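> This is the content of work19.csv (CSV, C-alpha atoms):
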chain,number,residue,atom,x,y,z
E,1,MET,CA,9.9,18.4,-28.7
E,2,GLU,CA,9.2,15.0,-30.3
E,3,LYS,CA,7.6,12.4,-28.0
E,4,PRO,CA,9.7,9.3,-27.3
E,5,VAL,CA,8.7,6.1,-29.0
E,6,TYR,CA,7.6,3.3,-26.6
E,7,THR,CA,9.9,0.3,-26.6
E,8,GLN,CA,9.3,-3.1,-25.1
E,9,ILE,CA,10.0,-2.8,-21.4
E,10,GLU,CA,9.9,-5.8,-19.0
E,11,ASN,CA,7.3,-6.2,-16.4
E,12,LEU,CA,8.4,-5.1,-12.9
E,13,LYS,CA,8.3,-7.3,-9.8
E,14,ILE,CA,7.9,-5.2,-6.7
E,15,THR,CA,7.9,-6.4,-3.1
E,16,ILE,CA,5.9,-4.3,-0.7
E,17,PHE,CA,6.8,-4.7,3.0
E,18,GLN,CA,4.1,-3.2,5.2
E,19,ALA,CA,6.1,-3.6,8.4
E,20,TYR,CA,5.6,-3.3,12.1
E,21,LEU,CA,8.3,-1.0,13.5
E,22,PHE,CA,9.9,-0.9,17.0
E,23,TRP,CA,10.0,2.6,18.4
E,24,GLU,CA,13.4,4.3,18.1
E,25,ASN,CA,15.3,1.0,18.1
E,26,ILE,CA,17.4,0.9,15.0
E,27,GLU,CA,19.3,-2.3,15.8
E,28,LYS,CA,16.1,-4.3,16.6
E,29,ASN,CA,14.2,-3.0,13.6
E,30,LEU,CA,17.0,-3.9,11.2
E,31,GLN,CA,17.3,-7.4,12.8
E,32,ASN,CA,13.6,-8.0,12.6
E,33,LEU,CA,13.3,-6.6,9.0
E,34,GLY,CA,16.1,-8.8,7.9
E,35,LEU,CA,14.5,-11.9,9.5
E,36,ARG,CA,11.1,-11.2,7.9
E,37,LEU,CA,12.7,-10.7,4.5
E,38,SER,CA,14.6,-14.0,4.8
E,39,SER,CA,11.3,-15.8,5.3
E,40,GLY,CA,9.1,-13.6,3.1
E,41,VAL,CA,10.9,-13.1,-0.1
E,42,ARG,CA,10.2,-16.3,-1.9
E,43,GLU,CA,10.8,-15.3,-5.5
E,44,LYS,CA,13.1,-13.0,-7.5
E,45,THR,CA,12.1,-9.4,-7.1
E,46,ASP,CA,13.3,-6.2,-8.7
E,47,LEU,CA,12.5,-3.9,-5.8
E,48,ILE,CA,11.9,-4.1,-2.1
E,49,ILE,CA,10.0,-1.1,-0.6
E,50,LEU,CA,10.2,-0.3,3.2
E,51,PRO,CA,8.1,2.3,5.0
E,52,GLU,CA,9.1,5.8,6.0
E,53,MET,CA,11.8,5.9,8.8
E,54,PHE,CA,11.8,2.1,8.7
E,55,ASN,CA,14.7,1.8,11.2
E,56,SER,CA,13.2,4.0,13.9
E,57,GLY,CA,9.5,4.8,13.3
E,58,PHE,CA,8.4,8.4,12.6
E,59,SER,CA,10.3,10.1,15.4
E,60,MET,CA,11.2,13.8,15.9
E,61,ASN,CA,14.3,12.7,17.8
E,62,SER,CA,16.4,13.7,14.9
E,63,LYS,CA,19.6,14.4,16.9
E,64,GLY,CA,19.4,11.1,18.8
E,65,LEU,CA,18.6,8.9,15.8
E,66,ALA,CA,20.5,10.5,12.9
E,67,GLU,CA,23.2,8.6,11.0
E,68,GLU,CA,25.8,9.8,8.6
E,69,MET,CA,25.6,8.9,5.0
E,70,GLY,CA,27.1,5.5,4.6
E,71,GLY,CA,26.4,4.6,8.2
E,72,PHE,CA,25.0,1.5,9.9
E,73,THR,CA,21.6,1.5,8.2
E,74,MET,CA,22.8,2.3,4.7
E,75,GLN,CA,25.4,-0.6,5.1
E,76,TRP,CA,22.4,-2.8,6.1
E,77,MET,CA,20.5,-1.7,3.0
E,78,GLN,CA,23.6,-2.4,0.8
E,79,LYS,CA,23.8,-5.9,2.3
E,80,ILE,CA,20.1,-6.6,1.7
E,81,ALA,CA,20.2,-5.3,-1.9
E,82,HIS,CA,23.2,-7.5,-2.6
E,83,GLN,CA,21.7,-10.5,-0.9
E,84,TYR,CA,18.4,-10.3,-3.0
E,85,ASN,CA,20.0,-8.9,-6.1
E,86,CYS,CA,17.5,-6.0,-6.3
E,87,VAL,CA,17.0,-2.4,-5.3
E,88,VAL,CA,16.0,-1.6,-1.7
E,89,THR,CA,14.4,1.7,-0.8
E,90,GLY,CA,13.1,3.4,2.4
E,91,SER,CA,13.8,6.5,4.4
E,92,LEU,CA,15.8,7.2,7.5
E,93,ILE,CA,17.1,10.2,9.4
E,94,ILE,CA,20.4,11.5,8.0
E,95,LYS,CA,22.6,14.2,9.4
E,96,GLU,CA,24.5,16.2,6.8
E,97,ASN,CA,26.3,19.6,7.1
E,98,GLY,CA,24.6,20.3,10.4
E,99,ASN,CA,21.1,19.6,9.0
E,100,TYR,CA,18.8,16.7,9.6
E,101,TYR,CA,16.8,15.1,6.7
E,102,ASN,CA,14.1,12.6,6.3
E,103,ARG,CA,16.0,11.0,3.4
E,104,LEU,CA,14.7,8.2,1.1
E,105,ILE,CA,17.6,6.0,0.0
E,106,TRP,CA,17.4,4.2,-3.4
E,107,MET,CA,20.1,1.5,-3.0
E,108,ASP,CA,20.9,-0.9,-5.8
E,109,GLN,CA,22.5,-4.3,-5.7
E,110,ASN,CA,26.0,-2.9,-6.5
E,111,GLY,CA,26.0,-0.6,-3.6
E,112,ASP,CA,25.3,2.5,-5.7
E,113,TYR,CA,22.6,4.8,-4.4
E,114,GLN,CA,20.5,7.9,-5.0
E,115,TYR,CA,18.4,9.8,-2.5
E,116,TYR,CA,15.4,12.1,-2.1
E,117,ASP,CA,14.9,14.5,0.9
E,118,LYS,CA,11.3,14.9,1.9
E,119,ARG,CA,10.1,18.2,0.6
E,120,HIS,CA,6.9,18.7,2.5
E,121,LEU,CA,7.5,18.4,6.3
E,122,PHE,CA,4.5,17.6,8.5
E,123,GLY,CA,4.1,20.8,10.5
E,124,MET,CA,1.3,19.4,12.7
E,125,GLY,CA,3.8,16.9,14.0
E,126,ASP,CA,6.7,19.4,14.3
E,127,GLU,CA,8.7,17.7,11.5
E,128,ASP,CA,9.5,21.2,10.2
E,129,LYS,CA,11.1,22.1,13.5
E,130,ASN,CA,13.3,19.1,13.6
E,131,PHE,CA,14.2,18.5,10.0
E,132,SER,CA,15.3,20.5,6.9
E,133,ALA,CA,13.2,20.2,3.8
E,134,GLY,CA,14.5,18.9,0.5
E,135,LYS,CA,14.1,21.0,-2.7
E,136,ASP,CA,14.8,18.6,-5.5
E,137,LYS,CA,12.6,15.9,-7.0
E,138,LEU,CA,14.1,12.6,-8.0
E,139,ILE,CA,13.1,10.3,-10.8
E,140,VAL,CA,15.1,7.0,-11.0
E,141,GLU,CA,15.1,4.3,-13.6
E,142,LEU,CA,14.7,0.5,-13.1
E,143,LYS,CA,14.5,-1.9,-16.0
E,144,GLY,CA,13.4,0.9,-18.3
E,145,TRP,CA,10.7,2.2,-15.9
E,146,LYS,CA,10.9,5.8,-14.7
E,147,ILE,CA,10.0,6.0,-11.0
E,148,ARG,CA,9.2,9.3,-9.1
E,149,LEU,CA,10.1,9.1,-5.4
E,150,ALA,CA,8.1,10.7,-2.6
E,151,ILE,CA,7.5,10.5,1.1
E,152,CYS,CA,4.2,10.5,3.1
E,153,TYR,CA,3.0,14.2,3.5
E,154,ASP,CA,4.1,14.8,-0.1
E,155,LEU,CA,0.9,13.0,-1.1
E,156,ARG,CA,-1.2,16.0,-0.2
E,157,PHE,CA,0.5,18.3,-2.7
E,158,PRO,CA,-0.5,17.3,-6.3
E,159,VAL,CA,1.4,20.2,-7.9
E,160,TRP,CA,4.7,18.9,-6.6
E,161,LEU,CA,3.9,15.4,-7.9
E,162,ARG,CA,2.4,16.4,-11.3
E,163,ASN,CA,3.6,14.1,-14.1
E,164,ILE,CA,4.8,16.6,-16.6
E,165,ASP,CA,5.3,15.3,-20.2
E,166,GLU,CA,5.1,11.7,-18.9
E,167,GLU,CA,8.3,12.1,-17.1
E,168,TYR,CA,7.5,9.1,-14.9
E,169,ASP,CA,5.7,5.8,-15.0
E,170,ILE,CA,5.4,5.0,-11.3
E,171,LEU,CA,4.9,7.3,-8.3
E,172,LEU,CA,6.4,5.5,-5.3
E,173,LEU,CA,5.4,6.9,-1.9
E,174,ILE,CA,6.6,5.5,1.4
E,175,ALA,CA,4.8,6.6,4.6
E,176,SER,CA,4.0,6.5,8.3
E,177,TRP,CA,0.4,7.6,7.7
E,178,PRO,CA,-1.9,7.5,10.9
E,179,ASP,CA,-4.9,5.3,10.7
E,180,LYS,CA,-7.3,8.2,11.8
E,181,ARG,CA,-6.6,9.8,8.5
E,182,SER,CA,-6.6,6.6,6.4
E,183,SER,CA,-9.7,7.8,4.5
E,184,HIS,CA,-7.5,10.6,3.0
E,185,TRP,CA,-4.8,8.1,2.1
E,186,ARG,CA,-7.3,5.8,0.4
E,187,ALA,CA,-8.7,8.7,-1.6
E,188,LEU,CA,-5.6,10.6,-2.6
E,189,ILE,CA,-3.5,7.6,-3.9
E,190,PRO,CA,-6.1,6.7,-6.6
E,191,ALA,CA,-6.5,10.3,-7.4
E,192,ARG,CA,-2.7,10.7,-8.0
E,193,ALA,CA,-2.8,7.6,-10.2
E,194,ILE,CA,-5.7,8.8,-12.4
E,195,GLU,CA,-4.5,12.4,-12.7
E,196,ASN,CA,-0.9,11.4,-13.6
E,197,GLN,CA,-1.7,8.3,-15.6
E,198,SER,CA,0.9,6.4,-13.7
E,199,TYR,CA,1.0,3.5,-11.3
E,200,VAL,CA,1.0,4.6,-7.7
E,201,ILE,CA,2.6,2.5,-5.0
E,202,GLY,CA,1.9,3.6,-1.4
E,203,VAL,CA,3.7,1.6,1.3
E,204,ASN,CA,2.7,2.4,4.9
E,205,ARG,CA,3.6,0.8,8.3
E,206,VAL,CA,1.4,-0.9,10.9
E,207,GLY,CA,1.1,-0.7,14.7
E,208,HIS,CA,1.4,1.9,17.4
E,209,ASP,CA,4.4,4.2,17.6
E,210,GLY,CA,5.9,5.7,20.7
E,211,ASN,CA,3.3,8.4,20.8
E,212,GLN,CA,0.5,5.8,20.7
E,213,VAL,CA,-0.4,6.8,17.2
E,214,TYR,CA,-1.9,3.8,15.4
E,215,HIS,CA,-1.0,3.0,11.8
E,216,GLY,CA,-3.3,0.7,10.0
E,217,GLY,CA,-1.3,0.0,6.8
E,218,HIS,CA,-3.6,0.3,3.8
E,219,SER,CA,-0.6,-0.1,1.5
E,220,MET,CA,-1.7,-0.3,-2.1
E,221,VAL,CA,-0.8,-0.4,-5.7
E,222,ILE,CA,-3.2,1.5,-8.1
E,223,ASP,CA,-2.9,1.2,-11.8
E,224,PRO,CA,-3.0,4.3,-14.2
E,225,TYR,CA,-6.8,3.7,-14.7
E,226,GLY,CA,-7.4,4.0,-11.0
E,227,SER,CA,-8.0,0.3,-10.4
E,228,THR,CA,-6.6,-1.6,-7.4
E,229,VAL,CA,-3.8,-4.1,-8.1
E,230,TYR,CA,-3.0,-4.7,-4.4
E,231,TYR,CA,-4.4,-3.5,-1.1
E,232,LYS,CA,-3.8,-4.6,2.5
E,233,PRO,CA,-5.2,-3.0,5.6
E,234,GLU,CA,-4.3,-3.6,9.3
E,235,ASP,CA,-1.8,-6.5,9.3
E,236,GLU,CA,1.9,-6.7,8.7
E,237,ASP,CA,2.3,-8.0,5.1
E,238,MET,CA,4.9,-8.7,2.5
E,239,TYR,CA,3.7,-9.2,-1.0
E,240,THR,CA,5.3,-9.2,-4.4
E,241,VAL,CA,3.2,-7.7,-7.2
E,242,THR,CA,4.0,-7.7,-10.9
E,243,ILE,CA,3.1,-4.6,-12.9
E,244,ASN,CA,2.8,-4.4,-16.6
E,245,TYR,CA,4.2,-1.8,-18.9
E,246,GLU,CA,2.0,-2.6,-21.8
E,247,GLU,CA,-1.0,-1.8,-19.7
E,248,LEU,CA,0.4,1.6,-18.9
E,249,VAL,CA,1.0,2.3,-22.6
E,250,LYS,CA,-2.5,1.1,-23.5
E,251,ILE,CA,-4.2,3.5,-21.0
E,252,ARG,CA,-2.1,6.5,-22.1
E,253,ARG,CA,-2.9,5.8,-25.7
E,254,GLN,CA,-6.6,5.3,-25.1
E,255,PHE,CA,-6.9,8.4,-22.9
E,256,PRO,CA,-4.1,10.8,-24.0
E,257,PHE,CA,-5.2,13.7,-21.8
E,258,LEU,CA,-1.7,14.4,-20.3
E,259,LYS,CA,-0.8,16.2,-23.5
E,260,ASP,CA,-3.5,18.8,-22.6
E,261,ALA,CA,-2.1,19.4,-19.1
E,262,ASP,CA,-0.9,22.9,-18.0
E,263,LYS,CA,2.8,23.6,-18.3
E,264,PHE,CA,4.5,25.2,-15.2
E,265,ASN,CA,7.6,25.3,-13.1
E,266,ILE,CA,7.7,25.4,-9.3
E,267,ILE,CA,9.6,28.4,-8.0
E,268,ASP,CA,10.9,28.3,-4.5
Would you write out, as structure tokens, the structure that this file holds?


Amino acid sequence: MEKPVYTQIENLKITIFQAYLFWENIEKNLQNLGLRLSSGVREKTDLIILPEMFNSGFSMNSKGLAEEMGGFTMQWMQKIAHQYNCVVTGSLIIKENGNYYNRLIWMDQNGDYQYYDKRHLFGMGDEDKNFSAGKDKLIVELKGWKIRLAICYDLRFPVWLRNIDEEYDILLLIASWPDKRSSHWRALIPARAIENQSYVIGVNRVGHDGNQVYHGGHSMVIDPYGSTVYYKPEDEDMYTVTINYEELVKIRRQFPFLKDADKFNIID
């Protein structure tokens, strides 16, 4: 198969929202996130990224907090995407066909959306007892960039995230990653960037949740060489970073080791 020819692709402006979340309070979270965005988004952006379960916190109360597709929170995402003329992404609890999913919604400014259901459920926190796992990966496109979507615990499974045949340019991971394991987060994100020769964007939350688990943020953007573009520990933060496609092309041409990677398929 002949490799695609690189074309000129625009730089991408990405707004990272490392947010404090109110425990299991959907209405208060959406109100607060909306207010913070109104004061924090000061320039045109292409993408706003919210943390895992941004409307509730990482709760196992799937039955009590679940919404149907097209429900209150997705309507809010549609409104925000339209207001800022950009894509908005983050995950929430969705009930569908009697199952509950930790579902990442990719909502564009026209109200069209795609979604990814978290594949690796966090057994230590009983996520596997309260949610159903997804089976399909999702790669979306934005301004010519190919973006692979993932959620939190997925980060620990590099085979699932392997960049086969340069199928993606950015690995985007949203999370509710506890601070007591932040050293793992800080090690694994650069590793995923280097081994996949892609940008990796990890967006975490801050503050204590309802189980008194503390989240210290550490949201970051790492370039395909493993260098830090953005990093923020501890505090709530909203920051717009611009990433460069030519830099990605340069690194892949200079170190073309992805062509030597093993070929494989994951069989469930």

> Ranking E:Pro51, E:Gly111, E:Gly90, E:Gly98 by minimum distance to Gly70 in chain E and counting all atoms listed in the file, which one comes first?

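Closest residue, counting all atoms listed in the file: E:Gly111.
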
> Under the rule of at most 8 Å, produce a per-residue listing of range 180-213 of chain E near range 248-265 of chain E: chain, number, name, the closest pair of atoms, and the distance in Å, as a tab-separated table, using all atoms listed in the file.


residue	atom	partner	partner_atom	distance
E:Asn196	CA	E:Leu258	CA	7.4
E:Gln197	CA	E:Arg252	CA	6.8
E:Ser198	CA	E:Leu248	CA	7.1
E:Tyr199	CA	E:Leu248	CA	7.9

> With C-alpha atoms retained, write the just-selected residues as a CSV table (one decimal), keeping the file's coordinate frame.


chain,number,residue,atom,x,y,z
E,196,ASN,CA,-0.9,11.4,-13.6
E,197,GLN,CA,-1.7,8.3,-15.6
E,198,SER,CA,0.9,6.4,-13.7
E,199,TYR,CA,1.0,3.5,-11.3

> Quick one: residues within 8 Å of Tyr115 in chain E, all atoms listed in the file counted, chain neighbours fewer than 3 positions away excluded, as an NGL selection string?

:E and (103-106 or 138)

> Between E:Tyr245, E:Tyr100, E:Phe122, E:Tyr84, which is the closest to Ala175 in chain E once you count only C-alpha atoms?

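Counting only C-alpha atoms, the residue closest to Ala175 in chain E is E:Phe122.
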
> Measuring between only C-alpha atoms, which one of E:Pro178, E:Gln8, E:Met107, E:Cys86 shows the shortest distance to Gln212 in chain E?

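Counting only C-alpha atoms, the residue closest to Gln212 in chain E is E:Pro178.
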
> What is the distance between CA of Glu27 in chain E and CA of Leu50 in chain E, in Å to one decimal?

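These two atoms are separated by 15.7 Å.
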
> Please list as a PyMOL selection string every residue within 12 Å of Gly217 in chain E, counting all atoms listed in the file and excluding residues in the same chain fewer than 4 positions away.

chain E and resi 16-21+51-52+174-183+185-186+202-208+231-238

> Got a sec: who's within 8 Å of Leu30 in chain E, counting all atoms listed in the file, leaving out chain neighbours fewer than 5 positions off, as a list in words?

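Counting only the stated atoms, we get Asn55, Thr73 and Trp76 of chain E.
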
> One decimal, in Å: what's the spacing between CA of Met77 in chain E and CA of Ile93 in chain E?

13.9 Å

> So how far away is CA of Asp112 in chain E from CA of Lys79 in chain E, in Å?

11.7 Å

> Which one of E:Gly34, E:Pro224, E:Pro190, E:Gly144 sits closest to Ala81 in chain E if you count all atoms listed in the file?

E:Gly34

> For Ser132 in chain E, list every protein, DNA or RNA residue within 10 Å, evaluated using all atoms listed in the file, and leave out those in the same chain fewer than 5 positions away; present the list as a list in words.

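So, after excluding close chain neighbours, the residues are Lys95, Gly98, Asn99, Tyr100, Tyr101, Asn102, Asp117, Lys118, Arg119, His120, Leu121 and Glu127 of chain E.
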
> For each of E:Asn85, E:Val140, E:Asp46, E:Ile222, take the minimum atom-to-atom distance to Gln114 in chain E, counting all atoms listed in the file, then give the residue where this is smallest.

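Smallest distance to Gln114 in chain E is found for E:Val140.
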
> Nearest residue to Leu149 in chain E out of E:Tyr116, E:Tyr225, E:Phe58, E:Trp23, using only C-alpha atoms?

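Nearest candidate to Leu149 in chain E out of E:Tyr116, E:Tyr225, E:Phe58, E:Trp23: E:Tyr116.
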